[in-house]
Amino acid sequence: PVHAGRFYIHGAHDRGTAPAGTLALEIEAGRAFGNGKHETTYGCLLALDRLGKVRKFQKPLDLGCGAGALALAMAKLWRVPVVASDIDPWAVAVTRDNSRCNHLHPWVKPVLADGFGHPALSAGAPYDLIVANILARPLQHLAPAIAAHLAPGGHVVLSGLLAKQDAQVRAIYRDQGLFLVRRRQFG
């Protein structure tokens with residue numbers, strides 16, 4: 001199992017072992033990325049835990065959801081509708097299965113989309129929180145669309161880039177009027 005702040009991500013073999021006071025999510029390791037063990041997902045979970053202590057978000061988006069860990073975490077934390085999109089049909093199916101397994105399917109809407117190219121993503125905008133745990137190049141390419149779909153005062157959590165890519169990604173987001181509040185590096 002992975003402890004990330006209040007989140008406790010585990011496989012079926014550890015069902016029922018969550019410590020009291022944690023937000024347990026069952027996610028099996030599989031073909032879709034993001035069961036919490038990788039540093040990028042772990043860092044996003046910590047960011048969500050921190051943000052959840054100061055604000056309740058009403059319209060979050062998990063852009064590049066993989067296995068859905070971050071979408072599930074947001075749904076579990078705030079019990080609000082969460083759009084979870086990915087370009088991989090398998091990831092969307094896995095997110096759907098994981099949302100059912102965790103009884104969060106009423107709140108998680110998995111969508112197959114390339115960036116913001118699905119009507120469900122535009123319909124849900126503006127988002128007060130956008131989490132994107134993807135690679136640096138797609139993060140750079142998506143910067144204008146992320147800024148355009150973010151509500152005033154909204155937050156963006158970016159992950160999935162190498163330390164040497166940080167300055168370039170940060171500069172592109174700064175050009176969109178988005179500024180770094182906090183940075184954590186893992187691995």
# chains A, B, ... in the order shown; residues from 1 in each chain; ligands from 1
>>> residues_around(residues="range 11-15 of chain A", least_positions_apart="2", cutoff="8 Å", atoms="only C-alpha atoms", output="ChimeraX atom specification")
/A:1,9,17-18,26-29
>>> write_last_selection(atoms="N, CA and C atoms", output="mmCIF file, in the first residue's frame")
data_model
loop_
_atom_site.group_PDB
_atom_site.id
_atom_site.type_symbol
_atom_site.label_atom_id
_atom_site.label_comp_id
_atom_site.auth_asym_id
_atom_site.auth_seq_id
_atom_site.Cartn_x
_atom_site.Cartn_y
_atom_site.Cartn_z
ATOM 1 N N PRO A 1 0.821 -1.214 0.000
ATOM 2 C CA PRO A 1 0.000 0.000 0.000
ATOM 3 C C PRO A 1 0.850 1.257 0.000
ATOM 4 N N ILE A 9 -3.598 3.994 -0.767
ATOM 5 C CA ILE A 9 -3.885 3.290 -2.014
ATOM 6 C C ILE A 9 -3.394 1.857 -1.856
ATOM 7 N N THR A 17 -7.211 -3.189 5.329
ATOM 8 C CA THR A 17 -6.041 -2.875 6.154
ATOM 9 C C THR A 17 -5.804 -1.382 6.325
ATOM 10 N N ALA A 18 -6.679 -0.561 5.787
ATOM 11 C CA ALA A 18 -6.472 0.893 5.851
ATOM 12 C C ALA A 18 -6.507 1.369 7.296
ATOM 13 N N GLU A 26 -8.907 1.421 -3.508
ATOM 14 C CA GLU A 26 -8.398 0.152 -4.027
ATOM 15 C C GLU A 26 -8.120 0.301 -5.517
ATOM 16 N N ILE A 27 -6.856 0.169 -5.864
ATOM 17 C CA ILE A 27 -6.444 0.278 -7.263
ATOM 18 C C ILE A 27 -5.392 -0.793 -7.516
ATOM 19 N N GLU A 28 -5.714 -1.699 -8.389
ATOM 20 C CA GLU A 28 -4.766 -2.759 -8.732
ATOM 21 C C GLU A 28 -3.713 -2.233 -9.701
ATOM 22 N N ALA A 29 -2.485 -2.711 -9.539
ATOM 23 C CA ALA A 29 -1.461 -2.420 -10.532
ATOM 24 C C ALA A 29 -1.888 -3.116 -11.821
#
>>> residues_around(residues="range 74-81 of chain A", least_positions_apart="3", cutoff="6 Å", atoms="only C-alpha atoms", output="ChimeraX atom specification")
/A:71,107-108
>>> select_by_dssp(residues="chain A", states="strand (DSSP E)", output="PyMOL selection string")
chain A and resi 2-4+7-10+23-26+60-63+82-86+108-112+127-133+150-159
>>> write_last_selection(atoms="C-alpha atoms", output="CSV table (one decimal), in the first residue's frame")
chain,number,residue,atom,x,y,z
A,2,VAL,CA,0.9,3.6,-0.6
A,3,HIS,CA,0.4,6.3,2.1
A,4,ALA,CA,0.2,9.7,0.6
A,7,PHE,CA,-4.8,8.7,1.1
A,8,TYR,CA,-4.1,5.0,1.4
A,9,ILE,CA,-3.9,3.3,-2.0
A,10,HIS,CA,-3.9,-0.5,-1.9
A,23,LEU,CA,-9.1,7.8,2.7
A,24,ALA,CA,-8.7,4.3,1.3
A,25,LEU,CA,-8.7,3.6,-2.5
A,26,GLU,CA,-8.4,0.2,-4.0
A,60,PRO,CA,-12.1,19.3,-10.6
A,61,LEU,CA,-10.7,17.7,-13.7
A,62,ASP,CA,-8.1,14.9,-13.9
A,63,LEU,CA,-6.5,15.4,-17.3
A,82,VAL,CA,-15.0,14.8,-11.3
A,83,VAL,CA,-14.3,14.6,-15.0
A,84,ALA,CA,-11.4,12.1,-15.7
A,85,SER,CA,-10.1,12.1,-19.3
A,86,ASP,CA,-7.4,10.2,-21.1
A,108,VAL,CA,-16.3,10.1,-11.6
A,109,LYS,CA,-17.0,10.6,-15.3
A,110,PRO,CA,-14.4,8.9,-17.4
A,111,VAL,CA,-14.0,10.4,-20.9
A,112,LEU,CA,-11.9,9.4,-23.9
A,127,TYR,CA,-12.7,24.0,-13.6
A,128,ASP,CA,-11.5,25.2,-10.2
A,129,LEU,CA,-8.9,22.5,-10.1
A,130,ILE,CA,-7.1,20.8,-13.0
A,131,VAL,CA,-4.7,18.0,-12.2
A,132,ALA,CA,-2.4,16.9,-15.1
A,133,ASN,CA,0.0,14.1,-14.4
A,150,LEU,CA,-9.5,27.2,-15.5
A,151,ALA,CA,-11.8,29.2,-13.4
A,152,PRO,CA,-10.6,32.5,-12.0
A,153,GLY,CA,-8.7,31.7,-8.7
A,154,GLY,CA,-8.4,28.1,-9.8
A,155,HIS,CA,-5.5,25.8,-9.2
A,156,VAL,CA,-3.5,23.6,-11.5
A,157,VAL,CA,-1.4,20.6,-10.3
A,158,LEU,CA,1.2,19.6,-12.9
A,159,SER,CA,3.3,16.4,-12.6
>>> select_by_dssp(residues="chain A", states="helix (DSSP H, G or I)", output="JSON list (two decimals) with C-alpha atoms, in the first residue's frame")
[["chain", "number", "residue", "atom", "x", "y", "z"],
["A", 12, "ALA", "CA", -7.35, -6.11, -3.35],
["A", 13, "HIS", "CA", -4.91, -8.23, -1.34],
["A", 14, "ASP", "CA", -4.71, -5.41, 1.26],
["A", 39, "GLU", "CA", 6.60, 9.51, -7.67],
["A", 40, "THR", "CA", 4.45, 11.62, -10.01],
["A", 41, "THR", "CA", 1.16, 10.12, -8.80],
["A", 42, "TYR", "CA", 2.39, 10.13, -5.21],
["A", 43, "GLY", "CA", 3.25, 13.84, -5.48],
["A", 44, "CYS", "CA", -0.18, 14.67, -6.91],
["A", 45, "LEU", "CA", -1.87, 12.77, -4.07],
["A", 46, "LEU", "CA", 0.13, 14.80, -1.54],
["A", 47, "ALA", "CA", -0.84, 18.02, -3.35],
["A", 48, "LEU", "CA", -4.52, 17.02, -3.29],
["A", 49, "ASP", "CA", -4.28, 16.19, 0.40],
["A", 50, "ARG", "CA", -2.71, 19.61, 1.13],
["A", 51, "LEU", "CA", -5.22, 21.49, -1.04],
["A", 52, "GLY", "CA", -8.08, 19.57, 0.56],
["A", 69, "ALA", "CA", -6.21, 7.35, -8.85],
["A", 70, "LEU", "CA", -6.31, 11.15, -8.81],
["A", 71, "ALA", "CA", -9.92, 11.38, -9.98],
["A", 72, "LEU", "CA", -10.92, 8.84, -7.34],
["A", 73, "ALA", "CA", -8.96, 10.75, -4.70],
["A", 74, "MET", "CA", -10.75, 14.00, -5.57],
["A", 75, "ALA", "CA", -14.16, 12.30, -5.58],
["A", 76, "LYS", "CA", -13.44, 10.63, -2.24],
["A", 77, "LEU", "CA", -12.13, 13.85, -0.70],
["A", 78, "TRP", "CA", -14.85, 16.25, -1.85],
["A", 89, "PRO", "CA", -9.27, 3.82, -24.24],
["A", 90, "TRP", "CA", -7.82, 1.22, -21.88],
["A", 91, "ALA", "CA", -7.13, 3.88, -19.22],
["A", 92, "VAL", "CA", -10.69, 5.18, -19.50],
["A", 93, "ALA", "CA", -12.03, 1.62, -19.03],
["A", 94, "VAL", "CA", -9.73, 1.01, -16.05],
["A", 95, "THR", "CA", -10.80, 4.32, -14.47],
["A", 96, "ARG", "CA", -14.44, 3.32, -14.95],
["A", 97, "ASP", "CA", -13.78, -0.08, -13.31],
["A", 98, "ASN", "CA", -11.84, 1.49, -10.44],
["A", 99, "SER", "CA", -14.59, 4.03, -9.80],
["A", 100, "ARG", "CA", -17.11, 1.19, -9.53],
["A", 101, "CYS", "CA", -14.85, -0.90, -7.31],
["A", 119, "PRO", "CA", -17.66, 18.07, -25.44],
["A", 120, "ALA", "CA", -17.84, 16.78, -21.84],
["A", 121, "LEU", "CA", -14.63, 18.63, -21.01],
["A", 122, "SER", "CA", -15.87, 21.93, -22.40],
["A", 123, "ALA", "CA", -19.26, 21.44, -20.77],
["A", 124, "GLY", "CA", -17.63, 20.99, -17.36],
["A", 136, "ALA", "CA", 6.40, 17.53, -20.17],
["A", 137, "ARG", "CA", 5.73, 17.90, -23.89],
["A", 138, "PRO", "CA", 1.94, 17.37, -23.58],
["A", 139, "LEU", "CA", 1.91, 19.66, -20.53],
["A", 140, "GLN", "CA", 3.53, 22.37, -22.64],
["A", 141, "HIS", "CA", 1.19, 21.81, -25.58],
["A", 142, "LEU", "CA", -1.88, 21.91, -23.31],
["A", 143, "ALA", "CA", -0.91, 25.06, -21.39],
["A", 144, "PRO", "CA", -3.17, 27.47, -23.36],
["A", 145, "ALA", "CA", -6.15, 25.11, -23.17],
["A", 146, "ILE", "CA", -5.61, 24.45, -19.46],
["A", 147, "ALA", "CA", -5.50, 28.20, -18.79],
["A", 148, "ALA", "CA", -8.62, 28.74, -20.92],
["A", 163, "ALA", "CA", 13.61, 18.22, -12.98],
["A", 164, "LYS", "CA", 15.52, 19.48, -16.03],
["A", 165, "GLN", "CA", 12.19, 20.23, -17.78],
["A", 166, "ASP", "CA", 10.76, 22.28, -14.92],
["A", 167, "ALA", "CA", 11.94, 25.74, -15.98],
["A", 168, "GLN", "CA", 10.68, 25.37, -19.55],
["A", 169, "VAL", "CA", 7.25, 24.06, -18.48],
["A", 170, "ARG", "CA", 6.97, 26.75, -15.81],
["A", 171, "ALA", "CA", 7.80, 29.49, -18.37],
["A", 172, "ILE", "CA", 5.03, 28.33, -20.72],
["A", 173, "TYR", "CA", 2.47, 28.37, -17.91],
["A", 174, "ARG", "CA", 3.69, 31.77, -16.73],
["A", 175, "ASP", "CA", 3.03, 33.04, -20.27]]
>>> atom_distance(atom1="CA of Gly68 in chain A", atom2="CA of Ala125 in chain A")
19.4 Å
>>> atom_distance(atom1="CA of Gly115 in chain A", atom2="CA of Arg183 in chain A")
23.6 Å
>>> residues_around(residues="Asp114 in chain A", least_positions_apart="2", cutoff="7 Å", atoms="only C-alpha atoms", output="list in words")
Asp86, Ile87, Phe116 and Gly117 of chain A
>>> write_last_selection(atoms="all heavy atoms", output="compact mmCIF listing (two decimals), in the first residue's frame")
# COMPACT_ATOMS: atom_id res chain seq x y z
N ASP A 86 -8.64 10.74 -20.64
CA ASP A 86 -7.38 10.17 -21.09
C ASP A 86 -7.48 9.91 -22.58
O ASP A 86 -8.59 9.76 -23.12
CB ASP A 86 -7.06 8.87 -20.35
CG ASP A 86 -5.56 8.58 -20.31
OD1 ASP A 86 -4.99 8.24 -21.38
OD2 ASP A 86 -4.96 8.71 -19.23
N ILE A 87 -6.32 9.86 -23.26
CA ILE A 87 -6.29 9.56 -24.69
C ILE A 87 -6.30 8.06 -24.96
O ILE A 87 -6.49 7.63 -26.08
CB ILE A 87 -5.09 10.21 -25.39
CG1 ILE A 87 -3.78 9.67 -24.82
CG2 ILE A 87 -5.14 11.71 -25.30
CD1 ILE A 87 -2.54 10.11 -25.59
N PHE A 116 -8.56 18.71 -24.65
CA PHE A 116 -9.91 19.17 -24.33
C PHE A 116 -10.86 18.91 -25.50
O PHE A 116 -11.88 19.58 -25.63
CB PHE A 116 -9.89 20.65 -23.96
CG PHE A 116 -9.28 20.90 -22.61
CD1 PHE A 116 -7.91 21.06 -22.47
CD2 PHE A 116 -10.07 20.96 -21.48
CE1 PHE A 116 -7.34 21.28 -21.23
CE2 PHE A 116 -9.52 21.18 -20.23
CZ PHE A 116 -8.15 21.34 -20.11
N GLY A 117 -10.52 17.90 -26.32
CA GLY A 117 -11.27 17.64 -27.53
C GLY A 117 -12.52 16.82 -27.38
O GLY A 117 -12.93 16.14 -28.31
>>> atom_distance(atom1="CA of Val181 in chain A", atom2="CA of Gly66 in chain A")
25.2 Å
